[in-house]
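Data file: final-v6.txt. Format and content: compact mmCIF, C-alpha atoms and all ligand atoms.
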```
# COMPACT_ATOMS: atom_id res chain seq x y z
CA MET M 1 79.32 33.40 -72.76
CA PRO M 2 76.70 33.46 -70.00
CA THR M 3 77.88 33.24 -66.41
CA VAL M 4 76.50 31.03 -63.64
CA HIS M 5 76.43 32.09 -59.99
CA PHE M 6 75.28 30.21 -56.93
CA THR M 7 74.28 31.92 -53.70
CA SER M 8 77.00 31.67 -51.11
CA HIS M 9 75.16 28.97 -49.25
CA LEU M 10 75.08 26.69 -52.30
CA LYS M 11 78.76 27.38 -52.88
CA ASN M 12 79.44 24.92 -50.07
CA PHE M 13 78.58 22.26 -52.63
CA VAL M 14 80.53 23.77 -55.50
CA ASP M 15 84.07 22.72 -54.45
CA GLY M 16 86.54 24.90 -56.30
CA PRO M 17 86.14 27.35 -59.17
CA LEU M 18 83.24 26.93 -61.58
CA PRO M 19 84.12 25.91 -65.13
CA ASN M 20 83.45 28.13 -68.12
CA VAL M 21 80.01 27.23 -69.35
CA SER M 22 78.48 27.21 -72.78
CA GLY M 23 74.94 26.76 -73.98
CA THR M 24 71.78 28.63 -74.83
CA THR M 25 69.33 27.18 -72.29
CA VAL M 26 69.34 26.85 -68.52
CA ARG M 27 69.60 23.07 -68.82
CA GLU M 28 72.69 23.22 -71.04
CA LEU M 29 74.43 25.71 -68.81
CA LEU M 30 73.72 23.81 -65.62
CA ASP M 31 74.84 20.52 -67.17
CA CYS M 32 78.28 22.10 -67.68
CA VAL M 33 78.47 22.82 -63.96
CA PHE M 34 76.89 19.66 -62.64
CA GLY M 35 79.00 17.25 -64.68
CA GLU M 36 81.50 16.58 -61.91
CA ARG M 37 79.37 17.85 -59.04
CA PRO M 38 76.64 15.30 -58.37
CA LYS M 39 76.07 16.61 -54.86
CA LEU M 40 75.35 20.11 -56.14
CA ARG M 41 73.07 18.67 -58.81
CA GLY M 42 71.18 16.74 -56.13
CA TYR M 43 70.73 19.90 -54.16
CA VAL M 44 69.34 21.90 -57.07
CA LEU M 45 67.48 19.26 -59.11
CA ASP M 46 65.32 16.34 -58.04
CA GLU M 47 65.65 12.74 -59.25
CA LEU M 48 63.68 13.57 -62.41
CA GLY M 49 65.84 16.57 -63.28
CA SER M 50 63.25 19.20 -62.32
CA LEU M 51 64.15 22.16 -60.18
CA ARG M 52 63.61 21.45 -56.49
CA THR M 53 60.66 23.34 -55.07
CA HIS M 54 62.69 25.56 -52.76
CA VAL M 55 65.26 26.53 -55.40
CA VAL M 56 64.81 29.56 -57.65
CA ILE M 57 66.81 30.46 -60.76
CA TYR M 58 67.05 34.00 -62.01
CA ILE M 59 68.08 34.72 -65.58
CA SER M 60 69.39 38.26 -65.21
CA ASP M 61 66.37 40.06 -63.79
CA ARG M 62 63.60 37.52 -64.42
CA VAL M 63 62.68 34.24 -62.77
CA MET M 64 63.11 31.11 -64.88
CA ALA M 65 59.67 29.89 -65.97
CA ASP M 66 60.18 26.25 -67.02
CA ARG M 67 60.97 24.52 -63.73
CA VAL M 68 60.53 21.06 -65.25
CA GLY M 69 62.38 21.22 -68.56
CA LEU M 70 64.74 24.11 -67.72
CA SER M 71 64.29 25.15 -71.34
CA ASP M 72 64.36 28.94 -70.80
CA ALA M 73 66.70 30.65 -73.24
CA VAL M 74 69.78 32.43 -71.89
CA ALA M 75 71.55 35.03 -74.01
CA ALA M 76 75.33 35.15 -74.15
CA THR M 77 75.47 38.35 -72.08
CA GLU M 78 73.17 37.10 -69.33
CA GLU M 79 73.79 35.76 -65.86
CA LEU M 80 72.22 32.71 -64.30
CA TYR M 81 71.74 33.08 -60.56
CA VAL M 82 70.81 29.97 -58.59
CA MET M 83 69.40 30.48 -55.11
CA GLN M 84 67.33 28.69 -52.54
CA ALA M 85 64.85 29.97 -50.00
CA LEU M 86 66.25 29.83 -46.48
CA SER M 87 64.45 28.34 -43.53
CA GLY M 88 66.58 29.44 -40.59
CA GLY M 89 66.09 32.34 -38.29
CA MET Y 90 56.79 73.77 -32.43
CA ALA Y 91 57.54 71.67 -29.35
CA LEU Y 92 57.25 67.93 -29.62
CA ASP Y 93 54.41 66.20 -27.80
CA PRO Y 94 56.06 64.93 -24.54
CA ALA Y 95 54.62 61.48 -25.14
CA LEU Y 96 56.67 61.32 -28.33
CA GLU Y 97 59.88 62.73 -26.83
CA ARG Y 98 61.57 59.32 -26.62
CA TYR Y 99 61.13 58.95 -30.42
CA SER Y 100 62.59 62.37 -31.23
CA ARG Y 101 65.53 61.03 -33.28
CA GLN Y 102 63.27 58.82 -35.33
CA ILE Y 103 60.83 61.69 -35.82
CA LEU Y 104 63.66 63.90 -37.07
CA PHE Y 105 64.16 61.41 -39.86
CA ARG Y 106 62.10 63.18 -42.50
CA GLU Y 107 60.21 60.22 -43.94
CA ILE Y 108 58.84 59.30 -40.50
CA GLY Y 109 58.14 62.70 -38.95
CA GLU Y 110 55.60 63.26 -36.18
CA ALA Y 111 52.69 62.08 -38.31
CA GLY Y 112 54.48 58.83 -39.17
CA GLN Y 113 55.43 58.26 -35.54
CA ARG Y 114 51.82 58.68 -34.43
CA LYS Y 115 50.83 56.03 -36.95
CA ILE Y 116 53.56 53.70 -35.67
CA CYS Y 117 52.37 54.28 -32.08
CA GLY Y 118 48.84 53.35 -33.11
CA SER Y 119 49.84 50.19 -34.98
CA ARG Y 120 49.36 46.53 -34.03
CA VAL Y 121 51.92 43.89 -35.00
CA LEU Y 122 52.10 40.09 -34.73
CA LEU Y 123 55.62 38.68 -34.41
CA CYS Y 124 55.76 34.96 -35.19
CA GLY Y 125 58.78 33.41 -33.49
CA CYS Y 126 61.16 34.95 -30.99
CA GLY Y 127 64.46 33.22 -31.68
CA ALA Y 128 67.36 34.89 -33.43
CA LEU Y 129 65.51 37.02 -35.99
CA GLY Y 130 62.59 37.36 -33.61
CA SER Y 131 64.53 38.81 -30.73
CA VAL Y 132 66.15 41.47 -32.93
CA LEU Y 133 62.76 42.21 -34.46
CA ALA Y 134 61.01 42.43 -31.08
CA ASP Y 135 63.70 44.74 -29.75
CA GLY Y 136 63.59 47.00 -32.82
CA LEU Y 137 59.81 47.20 -33.03
CA THR Y 138 59.49 47.89 -29.30
CA ARG Y 139 62.10 50.64 -29.34
CA ALA Y 140 60.51 52.14 -32.47
CA GLY Y 141 57.25 52.42 -30.53
CA VAL Y 142 54.66 50.16 -32.15
CA GLY Y 143 51.43 50.41 -30.19
CA PHE Y 144 50.81 46.72 -29.66
CA LEU Y 145 53.14 43.77 -30.13
CA ARG Y 146 51.97 40.16 -29.87
CA ILE Y 147 54.90 37.73 -29.68
CA VAL Y 148 54.24 34.02 -30.19
CA ASP Y 149 56.98 31.44 -29.62
CA ARG Y 150 56.95 27.76 -28.60
CA ASP Y 151 60.53 27.43 -27.39
CA PHE Y 152 62.62 27.79 -24.21
CA VAL Y 153 65.87 29.74 -23.85
CA GLU Y 154 69.00 27.54 -24.13
CA LEU Y 155 72.67 28.34 -23.72
CA SER Y 156 73.41 27.90 -27.45
CA ASN Y 157 70.85 30.67 -28.19
CA LEU Y 158 72.88 33.39 -26.49
CA GLN Y 159 75.41 33.74 -29.33
CA ARG Y 160 72.76 35.50 -31.43
CA GLN Y 161 69.42 35.82 -29.65
CA VAL Y 162 70.08 39.27 -28.26
CA LEU Y 163 67.14 39.60 -25.88
CA PHE Y 164 68.22 36.68 -23.68
CA ASP Y 165 70.93 36.13 -21.08
CA GLU Y 166 72.33 33.46 -18.77
CA ALA Y 167 69.72 34.18 -16.10
CA ASP Y 168 66.97 33.24 -18.58
CA VAL Y 169 68.75 29.96 -19.32
CA ALA Y 170 69.14 29.23 -15.59
CA GLU Y 171 65.44 29.92 -15.01
CA GLY Y 172 64.47 27.83 -18.03
CA LEU Y 173 62.17 30.57 -19.25
CA PRO Y 174 60.07 30.35 -22.41
CA LYS Y 175 61.43 32.76 -24.99
CA ALA Y 176 58.16 34.69 -25.22
CA VAL Y 177 58.14 35.26 -21.44
CA ALA Y 178 61.82 36.24 -21.24
CA ALA Y 179 61.33 38.58 -24.21
CA GLY Y 180 58.22 40.13 -22.66
CA ARG Y 181 60.11 40.93 -19.45
CA LYS Y 182 63.03 42.58 -21.25
CA LEU Y 183 60.85 44.52 -23.66
CA ALA Y 184 58.63 45.89 -20.88
CA ARG Y 185 61.76 47.43 -19.32
CA ILE Y 186 62.82 48.88 -22.68
CA ASN Y 187 59.56 50.62 -23.56
CA SER Y 188 56.61 50.63 -21.16
CA GLN Y 189 54.50 52.52 -23.71
CA VAL Y 190 54.20 49.43 -25.89
CA GLN Y 191 51.36 47.05 -25.10
CA LEU Y 192 53.05 43.65 -25.12
CA GLU Y 193 51.34 40.30 -25.41
CA PRO Y 194 53.86 37.45 -25.09
CA LEU Y 195 52.29 34.07 -25.81
CA VAL Y 196 53.95 30.68 -25.30
CA ALA Y 197 52.37 28.68 -28.10
CA ASP Y 198 53.05 26.52 -31.12
CA ILE Y 199 51.65 28.29 -34.20
CA HIS Y 200 49.46 25.97 -36.27
CA SER Y 201 46.51 26.08 -38.64
CA GLN Y 202 43.98 25.97 -35.80
CA ASN Y 203 45.24 29.00 -33.88
CA ILE Y 204 46.99 31.34 -36.32
CA LEU Y 205 43.89 33.29 -37.31
CA GLY Y 206 43.38 34.12 -33.64
CA PHE Y 207 46.93 35.37 -33.32
CA ALA Y 208 46.59 37.44 -36.51
CA ASP Y 209 43.26 38.93 -35.46
CA GLY Y 210 43.27 42.72 -35.48
CA VAL Y 211 46.90 43.24 -36.49
CA ASP Y 212 48.15 45.55 -39.23
CA LEU Y 213 51.25 43.52 -40.03
CA ILE Y 214 52.77 40.08 -39.49
CA VAL Y 215 56.54 39.85 -39.08
CA ASP Y 216 58.37 36.56 -39.56
CA GLY Y 217 60.89 35.45 -36.96
CA MET Y 218 60.36 31.73 -37.56
CA ASP Y 219 62.90 28.97 -38.07
CA ASN Y 220 61.04 26.69 -40.47
CA PHE Y 221 59.27 26.73 -43.84
CA GLU Y 222 56.08 25.12 -42.63
CA THR Y 223 55.03 28.02 -40.41
CA ARG Y 224 56.01 30.49 -43.12
CA PHE Y 225 53.65 28.84 -45.61
CA LEU Y 226 50.99 29.03 -42.92
CA ILE Y 227 51.73 32.74 -42.36
CA ASN Y 228 51.56 33.22 -46.14
CA ASP Y 229 48.10 31.64 -46.31
CA THR Y 230 46.97 33.70 -43.32
CA SER Y 231 48.23 36.88 -44.93
CA LEU Y 232 46.32 36.11 -48.12
CA ALA Y 233 43.16 35.09 -46.24
CA THR Y 234 43.09 38.19 -44.05
CA GLY Y 235 44.65 40.76 -46.38
CA THR Y 236 47.43 41.44 -43.87
CA PRO Y 237 50.92 42.20 -45.20
CA TRP Y 238 53.83 40.12 -43.89
CA ILE Y 239 57.59 40.37 -43.97
CA TYR Y 240 59.54 37.18 -44.66
CA GLY Y 241 63.08 36.78 -43.37
CA GLY Y 242 65.34 33.71 -43.43
CA CYS Y 243 69.00 33.05 -42.67
CA ILE Y 244 71.60 30.28 -42.74
CA GLY Y 245 75.35 30.51 -42.31
CA SER Y 246 76.43 33.97 -43.43
CA HIS Y 247 73.54 34.24 -45.85
CA GLY Y 248 70.09 35.78 -45.46
CA GLN Y 249 67.10 36.97 -47.44
CA THR Y 250 63.97 39.04 -46.91
CA MET Y 251 60.86 39.93 -48.89
CA THR Y 252 57.75 41.93 -48.07
CA ILE Y 253 54.44 40.49 -49.20
CA PHE Y 254 51.37 42.62 -49.87
CA PRO Y 255 48.66 40.02 -50.44
CA GLY Y 256 46.94 40.32 -53.77
CA GLU Y 257 49.44 42.90 -54.98
CA THR Y 258 52.99 41.55 -54.85
CA ALA Y 259 54.45 38.09 -55.24
CA CYS Y 260 53.81 35.88 -52.21
CA LEU Y 261 56.06 33.23 -50.70
CA ARG Y 262 54.47 30.53 -52.86
CA CYS Y 263 55.06 32.58 -55.99
CA LEU Y 264 58.74 32.32 -55.09
CA ILE Y 265 58.83 28.72 -53.89
CA GLU Y 266 55.93 26.39 -54.55
CA ALA Y 267 56.54 24.09 -51.59
CA PRO Y 268 59.01 23.58 -48.77
CA PRO Y 269 61.87 21.15 -49.38
CA GLY Y 270 61.26 17.57 -48.34
CA ALA Y 271 62.41 16.46 -44.90
CA GLY Y 272 66.20 16.65 -44.61
CA ALA Y 273 66.61 18.19 -48.10
CA ALA Y 274 67.61 21.64 -46.89
CA GLU Y 275 69.81 22.77 -44.07
CA THR Y 276 68.83 24.48 -40.84
CA CYS Y 277 70.79 26.75 -38.50
CA ASP Y 278 71.24 23.74 -36.24
CA THR Y 279 72.89 21.68 -38.98
CA ALA Y 280 74.75 24.34 -41.02
CA GLY Y 281 75.38 26.97 -38.36
CA ILE Y 282 74.61 30.67 -38.36
CA LEU Y 283 76.56 33.89 -37.90
CA ALA Y 284 74.85 36.40 -35.64
CA PRO Y 285 75.60 39.42 -37.87
CA VAL Y 286 73.51 38.13 -40.76
CA ILE Y 287 70.58 37.83 -38.38
CA ASN Y 288 71.03 41.45 -37.37
CA VAL Y 289 71.20 42.62 -40.99
CA ILE Y 290 68.12 40.71 -42.15
CA ALA Y 291 66.07 41.61 -39.06
CA SER Y 292 67.11 45.25 -39.51
CA LEU Y 293 65.90 45.22 -43.12
CA GLN Y 294 62.64 43.67 -41.92
CA ILE Y 295 62.25 46.41 -39.31
CA VAL Y 296 62.80 49.11 -41.94
CA ALA Y 297 60.09 47.53 -44.10
CA ALA Y 298 57.82 47.40 -41.04
CA LEU Y 299 58.43 51.09 -40.27
CA LYS Y 300 57.66 52.01 -43.88
CA ILE Y 301 54.37 50.11 -43.76
CA LEU Y 302 53.35 51.29 -40.31
CA SER Y 303 54.24 54.95 -40.91
CA GLY Y 304 52.26 55.09 -44.14
CA HIS Y 305 55.02 54.64 -46.70
CA ARG Y 306 54.31 51.21 -48.11
CA ASP Y 307 54.71 52.62 -51.61
CA GLN Y 308 58.44 52.94 -50.86
CA ILE Y 309 58.93 49.18 -50.61
CA ASP Y 310 60.29 47.68 -53.82
CA PRO Y 311 58.81 44.40 -55.01
CA ALA Y 312 62.04 42.50 -54.51
CA LEU Y 313 63.76 39.68 -52.70
CA THR Y 314 66.82 41.08 -50.96
CA ILE Y 315 69.72 38.65 -50.59
CA VAL Y 316 72.58 39.40 -48.23
CA ASP Y 317 75.86 37.68 -47.48
CA VAL Y 318 77.74 39.19 -44.56
CA TRP Y 319 80.88 37.11 -45.13
CA ASP Y 320 81.21 38.34 -48.74
CA GLY Y 321 79.80 41.77 -47.87
CA THR Y 322 77.26 41.57 -50.69
CA LEU Y 323 73.65 42.67 -51.04
CA ARG Y 324 71.49 41.91 -54.10
CA LYS Y 325 67.92 42.87 -54.82
CA MET Y 326 66.18 40.36 -57.05
CA ASN Y 327 63.16 41.73 -58.90
CA THR Y 328 59.94 39.86 -58.02
CA ARG Y 329 57.66 41.86 -60.30
CA ASN Y 330 57.22 39.16 -62.93
CA LEU Y 331 56.74 36.38 -60.40
CA ARG Y 332 53.07 36.91 -59.62
CA ASP Y 333 52.34 37.74 -63.26
CA GLN Y 334 53.40 34.24 -64.29
CA GLY Y 335 50.01 33.31 -62.82
CA ARG Y 336 50.90 29.84 -61.61
CA CYS Y 337 50.84 30.49 -57.87
CA PRO Y 338 48.26 28.18 -56.28
CA ALA Y 339 47.91 30.46 -53.26
CA CYS Y 340 47.64 34.07 -54.37
CA VAL Y 341 46.44 33.46 -57.93
CA GLY Y 342 44.61 30.13 -57.48
CA GLY Y 343 43.11 31.00 -54.08
CA VAL Y 344 44.18 27.70 -52.49
CA ARG Y 345 44.85 27.83 -48.72
CA GLU Y 346 46.09 24.30 -48.04
CA TRP Y 347 48.30 25.27 -45.11
CA LEU Y 348 45.62 27.27 -43.37
CA ALA Y 349 43.05 24.57 -44.07
CA GLY Y 350 45.37 22.09 -42.39
CA THR Y 351 45.38 19.73 -45.38
CA ARG Y 352 49.10 20.42 -45.73
CA GLY Y 353 51.54 20.62 -42.88
CA SER Y 354 53.15 18.19 -40.50
CA GLN Y 355 51.11 15.97 -38.20
CA THR Y 356 52.06 15.00 -34.67
CA THR Y 357 50.87 12.01 -32.66
CA VAL Y 358 51.61 11.63 -28.97
CA LEU Y 359 52.74 8.06 -28.37
CA CYS Y 360 51.03 7.30 -25.12
CA GLY Y 361 53.13 5.79 -22.35
CA ARG Y 362 56.34 6.13 -24.34
CA ASN Y 363 57.24 9.73 -23.52
CA ALA Y 364 57.51 10.25 -27.26
CA VAL Y 365 55.85 12.10 -30.12
CA GLN Y 366 55.75 11.07 -33.77
CA VAL Y 367 56.17 13.85 -36.33
CA SER Y 368 55.05 13.18 -39.92
CA PRO Y 369 56.41 15.89 -42.23
CA ALA Y 370 54.36 18.06 -44.53
CA GLU Y 371 56.22 16.93 -47.64
CA ARG Y 372 56.27 13.17 -48.14
CA ALA Y 373 59.56 12.59 -49.91
CA PRO Y 374 62.19 9.92 -49.36
CA VAL Y 375 65.01 11.01 -47.06
CA SER Y 376 68.62 10.03 -47.64
CA LEU Y 377 69.57 8.89 -44.15
CA SER Y 378 73.29 8.87 -44.98
CA ASP Y 379 73.18 12.49 -46.22
CA LEU Y 380 71.23 13.50 -43.14
CA ALA Y 381 73.76 11.68 -40.95
CA ASP Y 382 76.56 13.72 -42.57
CA LYS Y 383 74.77 16.94 -41.69
CA LEU Y 384 74.07 15.92 -38.11
CA ARG Y 385 77.48 14.59 -37.07
CA GLY Y 386 78.48 17.88 -35.47
CA VAL Y 387 75.18 18.16 -33.64
CA GLY Y 388 75.03 15.08 -31.43
CA GLU Y 389 75.59 11.36 -31.35
CA VAL Y 390 74.45 9.83 -34.66
CA ALA Y 391 73.80 6.17 -35.44
CA VAL Y 392 72.54 5.15 -38.87
CA ASN Y 393 71.54 1.95 -40.63
CA PRO Y 394 69.48 1.42 -43.81
CA PHE Y 395 66.22 1.53 -41.82
CA LEU Y 396 66.64 4.46 -39.49
CA LEU Y 397 68.85 7.25 -38.20
CA ARG Y 398 69.12 7.90 -34.49
CA LEU Y 399 70.30 11.27 -33.18
CA THR Y 400 70.87 11.85 -29.47
CA VAL Y 401 70.99 15.48 -28.36
CA ASN Y 402 71.21 17.43 -25.09
CA SER Y 403 73.23 14.68 -23.38
CA GLY Y 404 70.52 12.11 -23.94
CA GLU Y 405 67.51 14.28 -23.06
CA PHE Y 406 66.05 13.71 -26.53
CA ILE Y 407 66.47 10.82 -28.95
CA ILE Y 408 65.28 11.56 -32.48
CA THR Y 409 64.70 8.55 -34.71
CA VAL Y 410 64.22 9.41 -38.39
CA PHE Y 411 62.80 6.91 -40.91
CA PRO Y 412 63.40 6.91 -44.69
CA ASP Y 413 59.91 8.30 -45.35
CA GLY Y 414 60.76 11.44 -43.36
CA ARG Y 415 58.75 10.45 -40.31
CA ALA Y 416 60.45 10.82 -36.93
CA ILE Y 417 59.83 9.67 -33.39
CA ILE Y 418 61.07 12.12 -30.80
CA LYS Y 419 61.65 10.51 -27.44
CA GLY Y 420 61.98 12.61 -24.31
CA THR Y 421 58.82 14.68 -24.57
CA GLN Y 422 55.06 14.33 -24.71
CA GLU Y 423 54.60 17.85 -26.02
CA PRO Y 424 53.83 18.12 -29.75
CA ALA Y 425 55.24 21.67 -29.78
CA VAL Y 426 58.59 20.51 -28.39
CA ALA Y 427 58.71 17.63 -30.88
CA ARG Y 428 57.88 19.91 -33.82
CA GLY Y 429 60.56 22.33 -32.67
CA LEU Y 430 63.21 19.62 -32.51
CA TYR Y 431 62.14 18.28 -35.91
CA ALA Y 432 62.40 21.76 -37.45
CA ARG Y 433 65.86 22.24 -35.99
CA TYR Y 434 67.49 18.95 -36.86
CA VAL Y 435 65.60 17.47 -39.81
CA GLY Y 436 64.05 20.66 -41.23
CA SER Y 437 60.40 21.43 -41.82
ZN ZN E 1 51.66 33.78 -54.80
```

Starting from the coordinates I provided, produce the structure as structure tokens.
Amino acid sequence: MPTVHFTSHLKNFVDGPLPNVSGTTVRELLDCVFGERPKLRGYVLDELGSLRTHVVIYISDRVMADRVGLSDAVAATEELYVMQALSGG
Amino acid sequence: MALDPALERYSRQILFREIGEAGQRKICGSRVLLCGCGALGSVLADGLTRAGVGFLRIVDRDFVELSNLQRQVLFDEADVAEGLPKAVAAGRKLARINSQVQLEPLVADIHSQNILGFADGVDLIVDGMDNFETRFLINDTSLATGTPWIYGGCIGSHGQTMTIFPGETACLRCLIEAPPGAGAAETCDTAGILAPVINVIASLQIVAALKILSGHRDQIDPALTIVDVWDGTLRKMNTRNLRDQGRCPACVGGVREWLAGTRGSQTTVLCGRNAVQVSPAERAPVSLSDLADKLRGVGEVAVNPFLLRLTVNSGEFIITVFPDGRAIIKGTQEPAVARGLYARYVGS
């Protein structure tokens, strides 16, 4: 099964261990995580379900292309890495 | 062969094989613009000055405050007592550290009308800012002038950095198309910041700068480096395919909205009210209750469905935020001060 990781900053919104996820697209995998975490969902996706502009998702070593539909395929051995650009400094 | 006496102070850096005497001479002849002299900026200014860049222009709009001293390593209590602008305080310290460096500290708010002047004649732009808006402006400036820049950002225990070679590597807008809407992301003033992550990210930025300035830009990987000092982790995310996706409006499409001033926040001085209105770059609805949650540790917060009112610095400033992201900042008539407060507490 693929794994899903959030950068440590987003982990503040995760609340406890992540569930095992299943699915073959980014959308399916994230839905497993967001089910009981509306705050995290709101941080990553906008009201229409698109990726927020300052959030980036890596699928293993490549950046997810479909920021609107989140339809990119994820193989069972791959890792989803959800991060956001940081503004502080 | 004896080392040139003028280079004696850099002898340890010169012994490092990749720099050598030839690389050091290049560093000594280089010109750098540092945008922002807060936490990242003061580590960057210190490192670049000690490393011996020829010319360092430091632009910052802010004054030194007590809460800066936990991480902004160039400043001390005397600077707070004197109420010095950060650029001025930094210039004084740096001149004592290395008198060979030509320093140009400027107290100014970087915006679309003045950034090309600041970037004029420099080999490199280094990012020590605290907000997205100025970084998008730096990104446009880099693309317009062909000047490389080094992004760095931090929050909490987490930081990231990426070097941008305009026209060659992914740019900031390849990575993120637009800044988050007002209040949608956290800032160091709402989520806190650990000093060590600042030092790590600024140090990685300095290494990238030394590679570029000493003639080794080919040794910089096209990657976004992500660090967490609490977990002790470092990851390098490949950015090679980012630019190739071809959807970046800035470096592929040639659009320079931030530099043109058609994007970016607007300020209006409210005459006779000792207040400035800030309208954010991204018009998106703000959840006042979420913002109130973030700001409770920061100052006195009052919220109703129509507005949020934050009082900071024992009443010196009152920041009123409206659901459309607009804010009125009472306690100043200076747009730069208002924009700084907005960046810190609402996020820009
Ligand atoms: Zn780009």

For this session: Rank nothing, just name the residue among M:Leu29, M:Met83, M:Leu18, M:Leu45 nearest to Y:Arg324, using all atoms listed in the file.
Result: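 Among M:Leu29, M:Met83, M:Leu18, M:Leu45, it is M:Met83 that comes nearest to Y:Arg324.
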
Check every protein, DNA and RNA residue against ligand ZN 1 (chain E), keep those with an atom at most 7 Å away (counting only C-alpha atoms and all ligand atoms), and present them as an mmCIF file with C-alpha atoms, keeping the file's coordinate frame.
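Written file, result.cif:
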```
data_model
loop_
_atom_site.group_PDB
_atom_site.id
_atom_site.type_symbol
_atom_site.label_atom_id
_atom_site.label_comp_id
_atom_site.auth_asym_id
_atom_site.auth_seq_id
_atom_site.Cartn_x
_atom_site.Cartn_y
_atom_site.Cartn_z
ATOM 1 C CA ALA Y 259 54.450 38.090 -55.240
ATOM 2 C CA CYS Y 260 53.810 35.880 -52.210
ATOM 3 C CA LEU Y 261 56.060 33.230 -50.700
ATOM 4 C CA ARG Y 262 54.470 30.530 -52.860
ATOM 5 C CA CYS Y 263 55.060 32.580 -55.990
ATOM 6 C CA ARG Y 332 53.070 36.910 -59.620
ATOM 7 C CA CYS Y 337 50.840 30.490 -57.870
ATOM 8 C CA PRO Y 338 48.260 28.180 -56.280
ATOM 9 C CA ALA Y 339 47.910 30.460 -53.260
ATOM 10 C CA CYS Y 340 47.640 34.070 -54.370
ATOM 11 C CA VAL Y 341 46.440 33.460 -57.930
#
```

Contacts from chain Y to chain M, 8 Å maximum, all atoms listed in the file: show me the residue list as a compact mmCIF listing (two decimals) with C-alpha atoms, keeping the file's coordinate frame.
```
# COMPACT_ATOMS: atom_id res chain seq x y z
CA GLY Y 127 64.46 33.22 -31.68
CA ALA Y 128 67.36 34.89 -33.43
CA LEU Y 129 65.51 37.02 -35.99
CA GLY Y 130 62.59 37.36 -33.61
CA GLY Y 217 60.89 35.45 -36.96
CA MET Y 218 60.36 31.73 -37.56
CA ASP Y 219 62.90 28.97 -38.07
CA ASN Y 220 61.04 26.69 -40.47
CA PHE Y 221 59.27 26.73 -43.84
CA GLY Y 241 63.08 36.78 -43.37
CA GLY Y 242 65.34 33.71 -43.43
CA CYS Y 243 69.00 33.05 -42.67
CA ILE Y 244 71.60 30.28 -42.74
CA GLY Y 245 75.35 30.51 -42.31
CA SER Y 246 76.43 33.97 -43.43
CA HIS Y 247 73.54 34.24 -45.85
CA GLY Y 248 70.09 35.78 -45.46
CA GLN Y 249 67.10 36.97 -47.44
CA LEU Y 264 58.74 32.32 -55.09
CA ILE Y 265 58.83 28.72 -53.89
CA GLU Y 266 55.93 26.39 -54.55
CA ALA Y 267 56.54 24.09 -51.59
CA PRO Y 268 59.01 23.58 -48.77
CA PRO Y 269 61.87 21.15 -49.38
CA ALA Y 273 66.61 18.19 -48.10
CA GLU Y 275 69.81 22.77 -44.07
CA THR Y 276 68.83 24.48 -40.84
CA CYS Y 277 70.79 26.75 -38.50
CA ILE Y 287 70.58 37.83 -38.38
CA ASP Y 317 75.86 37.68 -47.48
CA MET Y 326 66.18 40.36 -57.05
CA ASN Y 327 63.16 41.73 -58.90
CA THR Y 328 59.94 39.86 -58.02
CA ASN Y 330 57.22 39.16 -62.93
CA LEU Y 331 56.74 36.38 -60.40
CA GLN Y 334 53.40 34.24 -64.29
```

Problem set entry | Contact residues around M:Glu78 with only C-alpha atoms at 8 Å, ignoring same-chain residues under 2 positions, as a ChimeraX atom specification | /M:1-3,59-60,74-76,80

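Between atom CA of Y:Lys300 and atom CA of Y:Arg120 lies a distance of 14.0 Å.
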
Exercise. In terms of the shortest atom-to-atom distance over all atoms listed in the file, which of Y:Ser378, Y:Thr356, Y:Ser403, Y:Asn187 is closest to Y:Ala416?
Worked result: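 So, comparing all the options, the nearest one is Y:Thr356.
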
Exercise. Separation of atom CA of Y:Ala349 and atom CA of Y:Ser231, in Å?
Worked result: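 These two atoms are separated by 13.4 Å.
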
For this session: Between atom CA of Y:Leu348 and atom CA of Y:Thr223, measure the distance and give it in Å to one decimal.
Result: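 Straight-line distance from atom CA of Y:Leu348 to atom CA of Y:Thr223 works out to 9.9 Å.
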
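Nearest to Y:Gly136 of all the residues Y:Leu92, Y:Ile295, Y:Val162, Y:Ile199 is Y:Ile295, counting only C-alpha atoms.
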
Exercise. Which polymer residues have any atom within 10 Å of an atom of M:Val33, counting all atoms listed in the file, with same-chain residues fewer than 4 positions away left out, as a ChimeraX atom specification?
Worked result: /M:4,14,18-22,28-29,37-38,40-41

For this session: Please provide the set of residues having any atom within 8 Å of M:Gly69, restricted to only C-alpha atoms, with same-chain residues fewer than 3 positions apart removed, written as a PyMOL selection string.
Result: chain M and resi 27+49-50+66

Exercise. So which one's closest to M:Leu48, M:Pro17, M:Thr25, M:Phe6, M:Val68? Using all atoms listed in the file, please.
Worked result: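 Distance minimum relative to M:Leu48 lands on M:Val68.
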
For this session: Show me as a ChimeraX atom specification the residues that reach within 10 Å of (67.3, 34.8, -25.3), counting only C-alpha atoms and using the file's own coordinates.
Result: /Y:126-128,130-131,152-169,173-179,182

Exercise. Pick the closest to Y:Lys383 from Y:Ile301, Y:Val435, Y:Leu145, Y:Ala284: which is it, counting only C-alpha atoms?
Worked result: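 Of all the options, Y:Val435 lies closest to Y:Lys383.
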